Structure formats: structure tokens, C-alpha cells
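A.B. asks: One file: entry23.txt (compact mmCIF, C-alpha atoms and all ligand atoms).
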# COMPACT_ATOMS: atom_id res chain seq x y z
CA MET A 15 -2.27 68.29 27.21
CA ASN A 16 -5.42 68.36 29.32
CA TYR A 17 -8.18 65.84 29.08
CA GLU A 18 -10.50 68.08 27.12
CA SER A 19 -8.05 68.84 24.34
CA GLN A 20 -7.01 65.18 24.09
CA THR A 21 -10.65 64.16 23.60
CA ARG A 22 -11.05 66.84 20.99
CA ASN A 23 -7.97 65.56 19.15
CA GLN A 24 -9.27 62.00 19.14
CA THR A 25 -12.60 63.19 17.85
CA SER A 26 -10.99 65.11 15.05
CA LEU A 27 -8.82 62.11 14.21
CA ILE A 28 -11.90 59.88 13.76
CA SER A 29 -13.56 62.46 11.56
CA SER A 30 -10.48 63.26 9.52
CA GLY A 31 -10.33 62.19 5.88
CA LYS A 32 -6.67 61.27 6.20
CA PHE A 33 -7.37 58.78 9.00
CA TRP A 34 -9.98 56.96 6.94
CA ALA A 35 -7.90 57.11 3.78
CA LEU A 36 -4.97 55.48 5.63
CA THR A 37 -7.25 52.90 7.24
CA PHE A 38 -8.72 52.05 3.84
CA LEU A 39 -5.21 51.75 2.37
CA LEU A 40 -4.18 49.36 5.16
CA ILE A 41 -7.28 47.24 4.56
CA LEU A 42 -6.41 47.12 0.86
CA ILE A 43 -2.83 46.06 1.63
CA TYR A 44 -3.97 43.35 4.06
CA SER A 45 -6.58 42.17 1.54
CA ALA A 46 -3.90 41.91 -1.13
CA PHE A 47 -1.91 39.64 1.22
CA ILE A 48 -4.88 37.54 2.25
CA PHE A 49 -6.56 37.28 -1.16
CA GLY A 50 -3.32 37.60 -3.09
CA GLN A 51 -3.60 37.29 -6.83
CA SER A 52 -0.80 35.19 -8.16
CA THR A 53 0.68 34.52 -11.54
CA ILE A 54 1.48 30.88 -12.23
CA TYR A 55 3.91 29.92 -14.99
CA ILE A 56 3.76 26.81 -17.18
CA ASP A 57 6.62 25.69 -19.39
CA PRO A 58 6.15 22.20 -20.86
CA THR A 59 9.90 21.97 -21.52
CA ASN A 60 10.70 22.23 -17.79
CA SER A 61 9.82 18.58 -17.14
CA GLY A 62 13.11 17.66 -15.42
CA ASP A 63 12.86 20.30 -12.70
CA PRO A 64 12.18 18.70 -9.27
CA ASN A 65 11.49 22.15 -7.76
CA GLN A 66 8.52 23.02 -9.95
CA ASN A 67 6.29 25.45 -8.06
CA GLY A 68 4.75 27.63 -10.76
CA SER A 69 7.23 30.46 -10.32
CA ILE A 70 8.91 31.92 -13.39
CA ASP A 71 12.19 30.22 -12.33
CA HIS A 72 10.54 26.85 -11.64
CA PRO A 73 7.45 26.71 -13.86
CA TYR A 74 5.12 23.73 -13.88
CA ASP A 75 5.47 21.54 -16.95
CA LYS A 76 1.81 20.47 -17.04
CA TRP A 77 -1.54 22.21 -16.79
CA SER A 78 -2.55 19.23 -14.65
CA ASP A 79 0.16 19.99 -12.04
CA PHE A 80 -2.10 22.40 -10.10
CA SER A 81 -5.68 23.42 -9.36
CA PHE A 82 -7.06 26.73 -10.57
CA VAL A 83 -7.49 29.40 -7.87
CA ASN A 84 -9.93 32.30 -8.25
CA GLY A 85 -8.21 35.54 -9.21
CA ASN A 86 -5.04 33.94 -10.55
CA THR A 87 -3.35 34.33 -13.91
CA TYR A 88 -1.84 31.30 -15.66
CA LEU A 89 0.75 31.83 -18.37
CA GLN A 90 2.26 29.26 -20.73
CA LYS A 91 5.61 30.08 -22.25
CA CYS A 92 5.58 31.27 -25.86
CA GLY A 93 6.99 28.82 -28.40
CA THR A 94 6.13 25.73 -26.32
CA THR A 95 3.66 22.90 -26.89
CA TYR A 96 1.69 21.25 -24.11
CA THR A 97 0.53 17.81 -25.19
CA ALA A 98 -2.72 16.89 -23.48
CA SER A 99 -4.79 13.74 -23.15
CA THR A 100 -7.47 15.46 -21.05
CA ARG A 101 -8.97 18.93 -21.13
CA VAL A 102 -7.71 21.98 -19.28
CA GLY A 103 -10.87 22.40 -17.17
CA ILE A 104 -12.01 25.59 -15.42
CA VAL A 105 -15.04 24.62 -13.31
CA ASP A 106 -16.87 26.77 -10.71
CA LYS A 107 -14.21 29.47 -10.87
CA SER A 108 -14.11 33.24 -11.28
CA ASN A 109 -11.60 35.82 -12.46
CA ILE A 110 -9.17 33.43 -14.11
CA THR A 111 -6.87 34.53 -16.92
CA LEU A 112 -4.98 32.15 -19.23
CA GLY A 113 -2.27 33.76 -21.34
CA SER A 114 1.36 33.58 -22.37
CA TYR A 115 4.77 34.89 -21.34
CA GLY A 116 8.07 35.35 -23.09
CA THR A 117 8.49 35.97 -26.78
CA GLY A 118 7.80 33.90 -29.86
CA ALA A 119 4.89 31.92 -31.23
CA LYS A 120 1.65 31.52 -29.34
CA PRO A 121 1.89 28.63 -26.88
CA ILE A 122 0.17 25.49 -28.16
CA ILE A 123 -2.18 23.22 -26.26
CA HIS A 124 -2.43 20.07 -28.37
CA ARG A 125 -5.18 17.59 -27.50
CA ALA A 126 -3.22 14.70 -28.96
CA THR A 127 -5.30 11.88 -27.51
CA GLY A 128 -8.76 11.31 -26.06
CA VAL A 129 -11.97 13.02 -27.14
CA GLY A 130 -13.45 16.27 -25.82
CA ASP A 131 -12.61 19.88 -25.08
CA ILE A 132 -9.10 21.28 -25.28
CA ILE A 133 -10.09 23.98 -22.78
CA GLY A 134 -13.44 23.51 -21.02
CA VAL A 135 -15.11 26.25 -18.97
CA GLU A 136 -18.14 25.39 -16.82
CA ARG A 137 -20.22 27.41 -14.33
CA SER A 138 -17.52 30.08 -14.20
CA SER A 139 -17.37 33.84 -14.59
CA ASN A 140 -14.90 36.42 -15.85
CA VAL A 141 -12.53 34.00 -17.55
CA ILE A 142 -10.09 35.18 -20.22
CA ILE A 143 -8.34 32.79 -22.61
CA ASN A 144 -5.86 34.91 -24.53
CA GLY A 145 -3.33 34.10 -27.21
CA PHE A 146 -3.17 30.31 -27.57
CA GLU A 147 -2.99 27.92 -30.46
CA LEU A 148 -5.46 25.15 -29.64
CA LYS A 149 -5.27 22.11 -31.84
CA GLY A 150 -6.86 18.71 -31.82
CA ASP A 151 -5.90 15.50 -33.52
CA LEU A 152 -7.35 12.43 -35.18
CA HIS A 153 -10.38 10.91 -33.47
CA PRO A 154 -9.19 7.63 -31.93
CA ALA A 155 -12.34 5.68 -32.87
CA HIS A 156 -12.83 6.92 -36.41
CA THR A 157 -10.99 5.89 -39.52
CA ASN A 158 -12.21 8.66 -41.79
CA GLY A 159 -9.89 11.39 -40.54
CA THR A 160 -12.34 13.26 -38.31
CA TRP A 161 -10.98 15.33 -35.44
CA ASN A 162 -11.25 14.49 -31.74
CA ALA A 163 -11.57 17.83 -29.98
CA PHE A 164 -13.67 20.91 -29.31
CA GLY A 165 -11.41 23.97 -29.11
CA VAL A 166 -13.10 25.70 -26.18
CA GLY A 167 -16.21 24.26 -24.52
CA VAL A 168 -18.41 26.87 -22.83
CA GLY A 169 -21.70 25.05 -22.38
CA GLY A 170 -24.02 24.42 -19.47
CA ASP A 171 -24.41 21.48 -17.15
CA TYR A 172 -26.71 18.46 -17.05
CA SER A 173 -27.72 18.87 -13.40
CA ASN A 174 -26.77 22.36 -12.25
CA PRO A 175 -28.51 25.49 -13.62
CA ALA A 176 -25.43 27.69 -13.04
CA VAL A 177 -23.88 28.83 -16.31
CA ASN A 178 -20.83 30.61 -17.59
CA HIS A 179 -20.80 34.41 -17.47
CA ASN A 180 -18.42 36.67 -19.33
CA ILE A 181 -15.98 34.24 -20.92
CA GLN A 182 -13.54 35.86 -23.36
CA ILE A 183 -11.70 33.78 -25.94
CA LYS A 184 -9.39 36.12 -27.77
CA ASN A 185 -6.38 36.11 -30.08
CA CYS A 186 -6.50 32.32 -30.39
CA ASP A 187 -5.88 30.03 -33.36
CA ILE A 188 -8.20 27.03 -33.12
CA HIS A 189 -7.86 24.19 -35.62
CA ARG A 190 -7.99 20.43 -36.29
CA CYS A 191 -11.15 20.37 -34.18
CA TYR A 192 -14.65 19.01 -34.50
CA CYS A 193 -15.91 22.44 -33.47
CA GLY A 194 -13.95 25.60 -32.62
CA VAL A 195 -16.06 27.10 -29.81
CA TYR A 196 -18.98 25.00 -28.57
CA GLY A 197 -21.59 25.70 -25.92
CA ILE A 198 -24.94 23.96 -25.53
CA ARG A 199 -27.55 23.80 -22.80
CA TYR A 200 -27.54 20.04 -22.10
CA ASN A 201 -30.59 20.15 -19.76
CA SER A 202 -33.87 21.39 -21.21
CA ALA A 203 -35.12 22.39 -17.75
CA PHE A 204 -32.72 25.34 -17.72
CA PRO A 205 -33.49 28.45 -19.80
CA VAL A 206 -29.97 29.38 -20.80
CA SER A 207 -26.58 27.75 -21.44
CA SER A 208 -24.27 30.75 -21.15
CA GLU A 209 -24.12 34.53 -20.89
CA ASP A 210 -21.68 36.91 -22.52
CA ILE A 211 -19.50 34.45 -24.37
CA GLN A 212 -17.07 36.59 -26.38
CA VAL A 213 -14.94 35.26 -29.23
CA ILE A 214 -12.63 38.07 -30.33
CA ASN A 215 -9.92 38.21 -32.99
CA CYS A 216 -9.64 34.42 -33.35
CA ASN A 217 -8.69 32.30 -36.36
CA ILE A 218 -10.82 29.17 -36.54
CA TYR A 219 -9.99 26.72 -39.34
CA ASP A 220 -9.80 23.08 -40.36
CA ILE A 221 -13.00 22.31 -38.46
CA ASP A 222 -15.13 19.23 -39.08
CA GLU A 223 -18.49 20.79 -38.25
CA ASP A 224 -19.27 24.31 -36.97
CA GLY A 225 -16.70 27.02 -36.38
CA ILE A 226 -18.72 28.43 -33.48
CA TYR A 227 -21.88 26.71 -32.23
CA LEU A 228 -23.91 28.11 -29.32
CA ASP A 229 -27.45 27.39 -28.23
CA TYR A 230 -29.52 29.12 -25.54
CA SER A 231 -26.73 31.65 -25.22
CA PHE A 232 -27.55 35.14 -23.96
CA ARG A 233 -25.58 38.00 -25.51
CA PRO A 234 -22.90 36.05 -27.42
CA GLN A 235 -20.42 38.36 -29.13
CA ILE A 236 -18.24 37.28 -32.04
CA ILE A 237 -15.96 40.08 -33.19
CA GLY A 238 -13.06 40.28 -35.64
CA CYS A 239 -12.81 36.54 -36.25
CA HIS A 240 -11.62 34.76 -39.38
CA LEU A 241 -13.13 31.35 -40.08
CA TRP A 242 -12.15 29.10 -42.96
CA ASP A 243 -12.02 25.41 -43.92
CA ILE A 244 -15.20 24.81 -41.96
CA ASN A 245 -17.41 21.70 -42.47
CA MET A 246 -14.44 19.54 -43.40
CA GLN A 247 -16.59 16.46 -42.90
CA TRP A 248 -17.65 17.23 -46.44
CA PHE A 249 -14.43 15.47 -47.44
CA LYS A 250 -14.72 12.64 -44.93
CA GLY A 251 -17.67 10.77 -46.30
CA VAL A 252 -20.12 11.53 -43.50
CA THR A 253 -23.03 13.90 -42.93
CA ALA A 254 -21.63 17.38 -43.14
CA PRO A 255 -23.78 19.83 -41.13
CA GLY A 256 -21.00 22.37 -40.57
CA ASP A 257 -21.60 26.11 -40.59
CA GLY A 258 -19.33 29.06 -39.94
CA ILE A 259 -21.31 30.38 -36.98
CA GLN A 260 -24.52 28.81 -35.67
CA LEU A 261 -26.48 30.59 -32.94
CA THR A 262 -29.61 28.61 -32.37
CA TRP A 263 -32.38 27.48 -30.03
CA GLY A 264 -32.72 30.43 -27.70
CA CYS A 265 -29.75 32.64 -28.48
CA THR A 266 -30.62 36.30 -27.99
CA ASN A 267 -29.01 39.72 -28.04
CA TRP A 268 -26.22 38.36 -30.19
CA LEU A 269 -23.54 40.35 -32.01
CA ILE A 270 -21.47 39.24 -34.99
CA GLN A 271 -19.18 42.02 -36.15
CA ASP A 272 -16.20 42.40 -38.51
CA CYS A 273 -15.83 38.67 -39.20
CA ILE A 274 -14.67 36.90 -42.36
CA ILE A 275 -16.36 33.54 -42.89
CA ASP A 276 -14.77 31.87 -45.88
CA LYS A 277 -16.78 28.87 -47.10
CA ARG A 278 -14.99 28.45 -50.43
CA SER A 279 -13.27 25.16 -49.61
CA THR A 280 -16.35 23.09 -48.75
CA ALA A 281 -19.87 22.88 -50.03
CA GLY A 282 -23.02 22.56 -47.96
CA LYS A 283 -24.59 24.49 -45.14
CA MET A 284 -24.24 28.13 -44.19
CA SER A 285 -21.79 30.84 -43.27
CA VAL A 286 -24.09 32.01 -40.48
CA ILE A 287 -27.25 30.43 -39.06
CA ILE A 288 -29.36 32.37 -36.61
CA ALA A 289 -32.30 30.04 -36.17
CA ALA A 290 -35.12 28.84 -33.97
CA ASN A 291 -34.48 31.44 -31.30
CA ASP A 292 -37.36 31.90 -28.90
CA ARG A 293 -38.32 35.56 -28.96
CA THR A 294 -41.13 35.00 -26.48
CA ASN A 295 -38.84 34.09 -23.62
CA PRO A 296 -39.42 37.05 -21.26
CA ASP A 297 -36.00 36.73 -19.67
CA TYR A 298 -34.13 37.14 -22.89
CA ARG A 299 -36.02 39.51 -25.10
CA CA B 1 5.07 18.64 -13.28
CA CA B 2 -24.35 23.42 -37.82
So that I can check it, write out the structure of this file as C-alpha cells.
C.D. replies:
Amino acid sequence: MNYESQTRNQTSLISSGKFWALTFLLILIYSAFIFGQSTIYIDPTNSGDPNQNGSIDHPYDKWSDFSFVNGNTYLQKCGTTYTASTRVGIVDKSNITLGSYGTGAKPIIHRATGVGDIIGVERSSNVIINGFELKGDLHPAHTNGTWNAFGVGVGGDYSNPAVNHNIQIKNCDIHRCYCGVYGIRYNSAFPVSSEDIQVINCNIYDIDEDGIYLDYSFRPQIIGCHLWDINMQWFKGVTAPGDGIQLTWGCTNWLIQDCIIDKRSTAGKMSVIIAANDRTNPDYR
């Protein structure tokens, strides 16, 4: 091979589609190694295993055993109950999926003690919570039978204007809670509390106040949900301001579709409140 033909071959290699396709493939493979997306397994019954590492053979027994990593999927075993005294918190994260593995009933996260969210999502994007039973318990400081927990908290922050984007809560049963899905703005200096909160195909029942309450939420979508036994404070001798769905104070571009909101069991308040939303806000018309 003389020099001229070798140069020509190199030139044609650089300009060939195959070369670049292979290079791109190699980059993809290296990226997959470097930014590997992992699946982490949680089985609350595996508490005696000293080799817990989140693998399917040695699953963690607690959601508090690890920190969330962007891009990862976290699966709790079907038919198990995780008993929690603090929330499962997803804060400043992206592309996180929570789901289940195995067969049987939806895995349960039971906020048995303490007060607050069962799952709390803050300043995060592209989070999926799929196929859980989330249940609270009796409020530790009350004697009238009120519940201690918010099923999923998706609100804003007191000091940081960053908000949640694209949070999907789907195929979940949420009950024995003060509120099923709850997201408020907290700081009046910020124009919005969340964007693209989606509640899809969920059963929300035995709720003290509102089934779903969002304020300053841009493009909330509530689709195919069944809500019943809402506003149970009606039976607990206290003010009972519970509604099926309340989208208020600056919620815009909302969608409520194919939902059943059954208010037969309690009196007072509304099935749906869409109220006091600021149509003059130029960002959210
Ligand atoms: Ca553990
Ligand atoms: Ca309300």
C-alpha cells in the first residue's frame, strides 16, 4: 500500500457512516457503564440478611438503608409491608422510579408513627411512583381518631424556588391519611409550587380532609381516579373542610378526567373545587 492510497483510506474511514455509527455505539456502551442505571430491591422481610446490598438476592429491608441515585429504579416486593416512622423522601433528584417486583398484592408503605408525608417529593423531576398501597395511622397527638399522614407530598419549598416537574403517582391505593396527594407553595415569593403533577388510576379513600389538594400547580392532571370516604373529619368532631379534589390559588391548565368522586358517606364541602386561580399571571395563562 503506498502512502497516497493509505491516506485516502483513512479519509474515507473518517467520512464513513459505519465508522461514526460504531463510535456512537461505543460511546453509548461506555456511558451505560459510567452512568449505569440500576435497579434496587427492597424486601422488608429480609431483615436478618447481613449481606443486604439491594440486589434481588440480598434486598434491603428498609427504604432508609440507601440514598436515592438519579436514574435508578427502586422496587419493593409485592405482598410485603414496610413500616415507616419517617417519610420516604425524594429530594433534588431526577428520573427515579418506585415500583414493585414479584407477584401478589401491592407492596404497602405504612406510616405507622410520626406525622407527615408517606412519600415526599421535593425539587425533583421525572419521578414515577407506581403500584403502592400507602397508608397512614392514628395521629399521635390527637384523641379524636384523625390520621397522621399525607399520602404523597409534592409541594414546593420555603426557601428554594425550584419545584417538582413531571411527578407521576399511578396505580396507588392511598388511605388512612389526612390528605391523599398534597402540594402547596409554602413561600408566597415563588409563583408556582409544582408542574405536571399526574395522579393516574389511584384509589384515594378514608381521608380526613381533601383527597387531592394542590395550589399554585401548573398543569396538574388527575385521570381515572376513584375517591371515596373523603372529609372523614366530619365524624371526628372538628372542622371538616374536606373536598374530593381542590385545585386552588394559582392552579392553571388543569385536567380532571374519568374520575369518580363519591361523597355519599360524609356531608359538607365539595366533590371538586377549582377556585381563586389567578388568570392574570402571564406565566401560566
Ligand atoms: Ca437494612
Ligand atoms: Ca378543602
A.B. asks: Let me see if you get this right: every residue at most 8 Å from ligand CA 2 (chain B), counting only C-alpha atoms and all ligand atoms, written as a list in words.
C.D. replies: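 I would give the residues around ligand CA 2 (chain B) as Glu223, Asp224, Tyr227, Pro255, Gly256, Asp257, Gly258, Ile259, Gln260, Lys283, Met284 and Ile287 of chain A.
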A.B. asks: All residues within 12 Å of ligand CA 1 (chain B) are required, counting only C-alpha atoms and all ligand atoms; please report them as a count of residues only.
C.D. replies: 24
A.B. asks: Under the rule that only C-alpha atoms are counted, which of A:Thr100, A:Ser207, A:Gln235, A:Gln182 is the nearest residue to A:Gly170?
C.D. replies: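 Smallest distance to A:Gly170 is found for A:Ser207.
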A.B. asks: Which of these residues is nearest to A:Val105, using only C-alpha atoms: A:Ile70, A:Leu152, A:Val177, A:Ala254?
C.D. replies: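 Closest to A:Val105 of all the choices is A:Val177.
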A.B. asks: Smallest atom-to-atom distance to A:Arg199: which of A:Asp151, A:Asp220, A:Glu136, A:Asp71, using all atoms listed in the file?
C.D. replies: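 Looking only at the distances to A:Arg199, the closest residue turns out to be A:Glu136.
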A.B. asks: So that all listed atoms of stretch 236-252 of chain A fit with 4 Å spare on each side, what axis-aligned box centre and edge lengths in Å, to one decimal, would you give as JSON?
C.D. replies:
{"center_x": -15.9, "center_y": 25.5, "center_z": -39.7, "size_x": 16.5, "size_y": 37.5, "size_z": 23.4}
A.B. asks: Between A:His189, A:Lys277, A:Arg233, A:Lys32, which is the closest to A:Val166 once you count only C-alpha atoms?
C.D. replies: A:His189
A.B. asks: Tell me, as number ranges by chain, which residues lie within 7 Å of A:Asp171, counting all atoms listed in the file; anything in the same chain fewer than 3 positions away does not count.
C.D. replies: A: 174-175, 199-201
A.B. asks: Tell me, in Å to one decimal, how far atom CA of A:Thr117 is from atom CA of A:Thr53.
C.D. replies: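 Going from atom CA of A:Thr117 over to atom CA of A:Thr53 covers 17.2 Å.
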A.B. asks: Could you jot down the atom CA of A:Asp187 to atom CA of A:Gly145 separation for me, Å, one decimal place?
C.D. replies: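 Separating atom CA of A:Asp187 from atom CA of A:Gly145 is a distance of 7.8 Å.
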